[in-house]
Amino acid sequence: IYGKEETVSFLCLDLLWGQGLYQELRFVLVRHGDRLSLLVSTDLTLEATEIIALYGYRFKIECTFREMKQVIGAFGYRFWSASMPKLNRYRRKGETDPLEQVTNESDRKRIRLTLQAIEGFVMCSVIATGIVQLLALRFSGRTPALFFRYLRTPSKSIVSEATVVAYLRQSLFRLFAQNPHLALTQIIRSKQKSAHPDADSLAS
């Protein structure tokens, strides 16, 4: 759990859960010292020990979500459609969902396109997060300039995603100008009206 081996005891039960339409879920009650935790899985093929081990990755997953939100801006999308109805957060039990009231096919198509745009934006942000993490893993030991930021508690030799992004913001256009063979650099140059003697201005 969280990178350490711990001894725990557990009880695993498959129980029905829900209202009206029940779903079978796998419940794992875990005792860790004096602490009790209740884990739930919709995947009934997982063993209890696997569910406990997967829960041990929760902190890393939460950190990834934090980086995606605060560094990459993965959830800062602003896609909307006038066809989308106003959602009712205080809808009573049994009331029809506002989306179900949309019957016009053109409106339904616009709503689907809006959802596709949101999902595509988040997907690209996930890819960007992965690229930033790969850069941190591969170049932290080879690129001293990555450590240009003041870190209050530099506990590891691998920099954070935020440090990599800050470095790229500062150096990306210079790196493009220094590598004219890159396809992206050539695209940028082809869009420029005139050449600039300054390498930084050339790629920016």
# chains A, B, ... in the order shown; residues from 1 in each chain; ligands from 1
>>> residues_around(residues="Glu50 of chain A", least_positions_apart="4", cutoff="12 Å", atoms="only C-alpha atoms", output="list in words")
Ile1, Phe10, Cys12, Arg26, Val28, Leu39, Val40, Ser41, Asp43, Leu44, Thr45, Leu46, Leu54, Tyr55, Gly56 and Tyr57 of chain A
>>> select_by_dssp(residues="segment 10-89 of chain A", states="strand (DSSP E)", output="list in words")
Phe10, Leu11, Cys12, Leu13, Asp14, Leu15, Leu16, Trp17, Gln23, Glu24, Leu25, Arg26, Phe27, Val28, Leu29, Val30, Arg31, His32, Arg35, Leu36, Ser37, Leu38, Leu39, Val40 and Ser41 of chain A
>>> residues_around(residues="Arg66 of chain A", least_positions_apart="6", cutoff="12 Å", atoms="only C-alpha atoms", output="list in words")
Phe59, Lys60, Ile72, Gly73, Ala74, Phe75, Thr129, Ser160, Glu161 and Ala162 of chain A
>>> write_last_selection(atoms="all heavy atoms", output="mmCIF file, in the first residue's frame")
data_model
loop_
_atom_site.group_PDB
_atom_site.id
_atom_site.type_symbol
_atom_site.label_atom_id
_atom_site.label_comp_id
_atom_site.auth_asym_id
_atom_site.auth_seq_id
_atom_site.Cartn_x
_atom_site.Cartn_y
_atom_site.Cartn_z
ATOM 1 N N PHE A 59 -3.350 6.971 -4.460
ATOM 2 C CA PHE A 59 -2.649 8.245 -4.271
ATOM 3 C C PHE A 59 -1.985 8.697 -5.570
ATOM 4 O O PHE A 59 -2.039 9.876 -5.938
ATOM 5 C CB PHE A 59 -1.607 8.107 -3.155
ATOM 6 C CG PHE A 59 -0.900 9.389 -2.844
ATOM 7 C CD1 PHE A 59 -1.528 10.385 -2.106
ATOM 8 C CD2 PHE A 59 0.384 9.623 -3.300
ATOM 9 C CE1 PHE A 59 -0.883 11.574 -1.815
ATOM 10 C CE2 PHE A 59 1.037 10.813 -3.010
ATOM 11 C CZ PHE A 59 0.405 11.788 -2.274
ATOM 12 N N LYS A 60 -1.360 7.757 -6.291
ATOM 13 C CA LYS A 60 -0.732 8.110 -7.565
ATOM 14 C C LYS A 60 -1.771 8.581 -8.570
ATOM 15 O O LYS A 60 -1.535 9.526 -9.330
ATOM 16 C CB LYS A 60 0.031 6.910 -8.120
ATOM 17 C CG LYS A 60 1.228 6.481 -7.285
ATOM 18 C CD LYS A 60 1.936 5.306 -7.922
ATOM 19 C CE LYS A 60 3.143 4.883 -7.095
ATOM 20 N NZ LYS A 60 3.847 3.720 -7.701
ATOM 21 N N ILE A 72 -1.908 20.771 -16.817
ATOM 22 C CA ILE A 72 -2.271 20.603 -18.227
ATOM 23 C C ILE A 72 -3.554 21.354 -18.567
ATOM 24 O O ILE A 72 -3.732 21.810 -19.689
ATOM 25 C CB ILE A 72 -2.415 19.109 -18.566
ATOM 26 C CG1 ILE A 72 -1.136 18.344 -18.181
ATOM 27 C CG2 ILE A 72 -2.720 18.901 -20.041
ATOM 28 C CD1 ILE A 72 0.098 18.793 -18.924
ATOM 29 N N GLY A 73 -4.463 21.493 -17.593
ATOM 30 C CA GLY A 73 -5.751 22.129 -17.870
ATOM 31 C C GLY A 73 -6.706 21.203 -18.582
ATOM 32 O O GLY A 73 -7.489 21.635 -19.443
ATOM 33 N N ALA A 74 -6.664 19.914 -18.225
ATOM 34 C CA ALA A 74 -7.448 18.908 -18.941
ATOM 35 C C ALA A 74 -8.950 19.084 -18.776
ATOM 36 O O ALA A 74 -9.722 18.632 -19.622
ATOM 37 C CB ALA A 74 -7.042 17.504 -18.469
ATOM 38 N N PHE A 75 -9.361 19.725 -17.691
ATOM 39 C CA PHE A 75 -10.793 19.866 -17.449
ATOM 40 C C PHE A 75 -11.241 21.313 -17.582
ATOM 41 O O PHE A 75 -12.281 21.703 -17.058
ATOM 42 C CB PHE A 75 -11.127 19.324 -16.052
ATOM 43 C CG PHE A 75 -10.626 17.924 -15.832
ATOM 44 C CD1 PHE A 75 -9.553 17.681 -14.989
ATOM 45 C CD2 PHE A 75 -11.191 16.857 -16.507
ATOM 46 C CE1 PHE A 75 -9.076 16.400 -14.791
ATOM 47 C CE2 PHE A 75 -10.717 15.574 -16.322
ATOM 48 C CZ PHE A 75 -9.655 15.339 -15.468
ATOM 49 N N THR A 129 -0.338 14.743 -20.921
ATOM 50 C CA THR A 129 0.173 14.399 -19.590
ATOM 51 C C THR A 129 1.176 13.262 -19.679
ATOM 52 O O THR A 129 2.235 13.295 -19.033
ATOM 53 C CB THR A 129 -0.987 13.999 -18.662
ATOM 54 O OG1 THR A 129 -1.946 15.062 -18.606
ATOM 55 C CG2 THR A 129 -0.485 13.696 -17.257
ATOM 56 N N SER A 160 9.065 17.122 -11.501
ATOM 57 C CA SER A 160 7.627 16.961 -11.605
ATOM 58 C C SER A 160 7.120 17.366 -12.978
ATOM 59 O O SER A 160 7.847 17.985 -13.779
ATOM 60 C CB SER A 160 6.926 17.801 -10.538
ATOM 61 O OG SER A 160 7.142 19.178 -10.798
ATOM 62 N N GLU A 161 5.847 17.049 -13.236
ATOM 63 C CA GLU A 161 5.223 17.460 -14.490
ATOM 64 C C GLU A 161 5.179 18.979 -14.599
ATOM 65 O O GLU A 161 5.382 19.541 -15.680
ATOM 66 C CB GLU A 161 3.805 16.893 -14.599
ATOM 67 C CG GLU A 161 3.737 15.388 -14.710
ATOM 68 C CD GLU A 161 3.564 14.718 -13.367
ATOM 69 O OE1 GLU A 161 4.004 15.308 -12.347
ATOM 70 O OE2 GLU A 161 3.010 13.607 -13.318
ATOM 71 N N ALA A 162 4.931 19.650 -13.470
ATOM 72 C CA ALA A 162 4.859 21.110 -13.483
ATOM 73 C C ALA A 162 6.193 21.729 -13.882
ATOM 74 O O ALA A 162 6.233 22.733 -14.614
ATOM 75 C CB ALA A 162 4.427 21.618 -12.103
#
>>> atom_distance(atom1="atom CA of Arg112 of chain A", atom2="atom CA of Gly76 of chain A")
19.1 Å
>>> closest_residue(among="A:Met123, A:Val8, A:Ala136, A:Ala82", to="Asp107 of chain A", atoms="only C-alpha atoms")
A:Ala82
>>> closest_residue(among="A:Gln133, A:Gln178, A:Ser171, A:Ser9", to="Leu38 of chain A", atoms="only C-alpha atoms")
A:Ser9
>>> atom_distance(atom1="atom CA of Thr103 of chain A", atom2="atom CA of Lys86 of chain A")
15.0 Å
>>> atom_distance(atom1="atom CA of Gly130 of chain A", atom2="atom CA of Leu168 of chain A")
14.7 Å
>>> closest_residue(among="A:Trp80, A:Ile188, A:Asp14, A:Thr64", to="Ile118 of chain A", atoms="only C-alpha atoms")
A:Trp80
>>> residues_around(residues="Met84 of chain A", least_positions_apart="4", cutoff="9 Å", atoms="only C-alpha atoms", output="PyMOL selection string")
chain A and resi 80+98-99+102+107-108+110-111+114
>>> write_last_selection(atoms="N, CA, C and O atoms", output="PDB file, in the first residue's frame")
ATOM      1  N   TRP A  80     -20.025  23.818 -25.444  1.00  0.00           N
ATOM      2  CA  TRP A  80     -21.431  23.832 -25.083  1.00  0.00           C
ATOM      3  C   TRP A  80     -22.265  23.949 -26.346  1.00  0.00           C
ATOM      4  O   TRP A  80     -21.764  24.296 -27.412  1.00  0.00           O
ATOM      5  N   PRO A  98     -33.758  15.562 -18.234  1.00  0.00           N
ATOM      6  CA  PRO A  98     -33.908  16.601 -19.268  1.00  0.00           C
ATOM      7  C   PRO A  98     -33.399  16.165 -20.640  1.00  0.00           C
ATOM      8  O   PRO A  98     -33.956  16.574 -21.666  1.00  0.00           O
ATOM      9  N   LEU A  99     -32.342  15.351 -20.673  1.00  0.00           N
ATOM     10  CA  LEU A  99     -31.821  14.893 -21.964  1.00  0.00           C
ATOM     11  C   LEU A  99     -32.814  13.994 -22.692  1.00  0.00           C
ATOM     12  O   LEU A  99     -32.860  13.977 -23.925  1.00  0.00           O
ATOM     13  N   VAL A 102     -35.273  15.733 -25.125  1.00  0.00           N
ATOM     14  CA  VAL A 102     -34.808  16.248 -26.418  1.00  0.00           C
ATOM     15  C   VAL A 102     -35.157  15.222 -27.485  1.00  0.00           C
ATOM     16  O   VAL A 102     -34.570  14.133 -27.542  1.00  0.00           O
ATOM     17  N   ASP A 107     -31.002  18.468 -32.827  1.00  0.00           N
ATOM     18  CA  ASP A 107     -30.531  18.854 -31.497  1.00  0.00           C
ATOM     19  C   ASP A 107     -29.754  17.715 -30.846  1.00  0.00           C
ATOM     20  O   ASP A 107     -28.725  17.929 -30.202  1.00  0.00           O
ATOM     21  N   ARG A 108     -30.246  16.505 -31.022  1.00  0.00           N
ATOM     22  CA  ARG A 108     -29.549  15.350 -30.447  1.00  0.00           C
ATOM     23  C   ARG A 108     -28.175  15.177 -31.089  1.00  0.00           C
ATOM     24  O   ARG A 108     -27.195  14.824 -30.413  1.00  0.00           O
ATOM     25  N   ARG A 110     -26.302  17.651 -32.310  1.00  0.00           N
ATOM     26  CA  ARG A 110     -25.440  18.704 -31.762  1.00  0.00           C
ATOM     27  C   ARG A 110     -24.942  18.327 -30.367  1.00  0.00           C
ATOM     28  O   ARG A 110     -23.794  18.595 -30.013  1.00  0.00           O
ATOM     29  N   ILE A 111     -25.801  17.721 -29.579  1.00  0.00           N
ATOM     30  CA  ILE A 111     -25.401  17.297 -28.231  1.00  0.00           C
ATOM     31  C   ILE A 111     -24.322  16.226 -28.311  1.00  0.00           C
ATOM     32  O   ILE A 111     -23.333  16.261 -27.568  1.00  0.00           O
ATOM     33  N   THR A 114     -21.065  17.804 -29.237  1.00  0.00           N
ATOM     34  CA  THR A 114     -20.498  18.520 -28.089  1.00  0.00           C
ATOM     35  C   THR A 114     -19.802  17.552 -27.144  1.00  0.00           C
ATOM     36  O   THR A 114     -18.681  17.817 -26.674  1.00  0.00           O
TER      37      THR A 114
END
>>> closest_residue(among="A:Ile131, A:Ala177, A:Ile51, A:Val165", to="Arg189 of chain A", atoms="only C-alpha atoms")
A:Ala177
>>> closest_residue(among="A:Phe27, A:Phe65, A:Tyr90, A:Phe79", to="Ile52 of chain A", atoms="only C-alpha atoms")
A:Phe27
>>> closest_residue(among="A:Gly94, A:Leu36, A:Thr42, A:Tyr167", to="Trp17 of chain A", atoms="only C-alpha atoms")
A:Thr42
>>> decode(residues="segment 35-114 of chain A", atoms="C-alpha atoms", output="compact mmCIF listing (two decimals), in the first residue's frame")
# COMPACT_ATOMS: atom_id res chain seq x y z
CA ARG A 35 -8.46 1.20 10.62
CA LEU A 36 -11.34 -0.29 8.61
CA SER A 37 -11.90 0.39 4.90
CA LEU A 38 -14.68 -0.75 2.60
CA LEU A 39 -13.66 -1.24 -1.03
CA VAL A 40 -16.14 -1.90 -3.84
CA SER A 41 -15.54 -3.27 -7.34
CA THR A 42 -17.90 -3.67 -10.27
CA ASP A 43 -15.46 -6.20 -11.77
CA LEU A 44 -16.39 -9.53 -10.19
CA THR A 45 -13.41 -11.27 -11.79
CA LEU A 46 -10.94 -9.46 -9.54
CA GLU A 47 -9.68 -11.24 -6.46
CA ALA A 48 -9.91 -9.43 -3.14
CA THR A 49 -6.12 -9.12 -2.97
CA GLU A 50 -6.11 -7.54 -6.44
CA ILE A 51 -8.75 -5.00 -5.41
CA ILE A 52 -6.68 -4.09 -2.34
CA ALA A 53 -3.52 -3.78 -4.44
CA LEU A 54 -5.29 -1.56 -6.99
CA TYR A 55 -6.57 0.66 -4.20
CA GLY A 56 -2.94 1.12 -3.16
CA TYR A 57 -2.42 3.07 -6.40
CA ARG A 58 -5.10 5.58 -5.43
CA PHE A 59 -2.65 8.25 -4.27
CA LYS A 60 -0.73 8.11 -7.57
CA ILE A 61 -3.99 8.29 -9.51
CA GLU A 62 -5.17 11.29 -7.48
CA CYS A 63 -1.81 13.02 -8.08
CA THR A 64 -2.19 12.41 -11.82
CA PHE A 65 -5.66 13.97 -11.78
CA ARG A 66 -4.22 16.96 -9.91
CA GLU A 67 -1.49 17.43 -12.53
CA MET A 68 -4.00 17.06 -15.35
CA LYS A 69 -6.24 19.69 -13.76
CA GLN A 70 -3.72 22.23 -12.50
CA VAL A 71 -0.80 21.85 -14.94
CA ILE A 72 -2.27 20.60 -18.23
CA GLY A 73 -5.75 22.13 -17.87
CA ALA A 74 -7.45 18.91 -18.94
CA PHE A 75 -10.79 19.87 -17.45
CA GLY A 76 -10.82 23.50 -18.53
CA TYR A 77 -12.91 22.87 -21.63
CA ARG A 78 -15.69 25.27 -22.60
CA PHE A 79 -17.70 23.28 -25.12
CA TRP A 80 -21.43 23.83 -25.08
CA SER A 81 -24.46 23.75 -27.35
CA ALA A 82 -27.71 25.68 -27.22
CA SER A 83 -29.41 22.36 -27.87
CA MET A 84 -28.27 20.98 -24.51
CA PRO A 85 -31.03 21.37 -21.89
CA LYS A 86 -30.35 22.85 -18.50
CA LEU A 87 -29.60 20.03 -16.11
CA ASN A 88 -31.65 19.82 -12.94
CA ARG A 89 -29.46 18.87 -10.00
CA TYR A 90 -32.48 18.72 -7.73
CA ARG A 91 -34.53 16.41 -9.93
CA ARG A 92 -36.86 14.29 -7.88
CA LYS A 93 -36.95 10.53 -8.06
CA GLY A 94 -39.08 9.42 -10.99
CA GLU A 95 -38.81 12.69 -12.93
CA THR A 96 -37.72 12.44 -16.55
CA ASP A 97 -34.12 13.30 -17.31
CA PRO A 98 -33.91 16.60 -19.27
CA LEU A 99 -31.82 14.89 -21.96
CA GLU A 100 -34.60 12.38 -22.57
CA GLN A 101 -36.93 15.26 -23.40
CA VAL A 102 -34.81 16.25 -26.42
CA THR A 103 -36.57 14.61 -29.36
CA ASN A 104 -35.40 16.73 -32.31
CA GLU A 105 -32.76 14.73 -34.18
CA SER A 106 -30.68 17.79 -35.16
CA ASP A 107 -30.53 18.85 -31.50
CA ARG A 108 -29.55 15.35 -30.45
CA LYS A 109 -26.79 15.38 -33.07
CA ARG A 110 -25.44 18.70 -31.76
CA ILE A 111 -25.40 17.30 -28.23
CA ARG A 112 -23.48 14.22 -29.40
CA LEU A 113 -20.95 16.41 -31.23
CA THR A 114 -20.50 18.52 -28.09
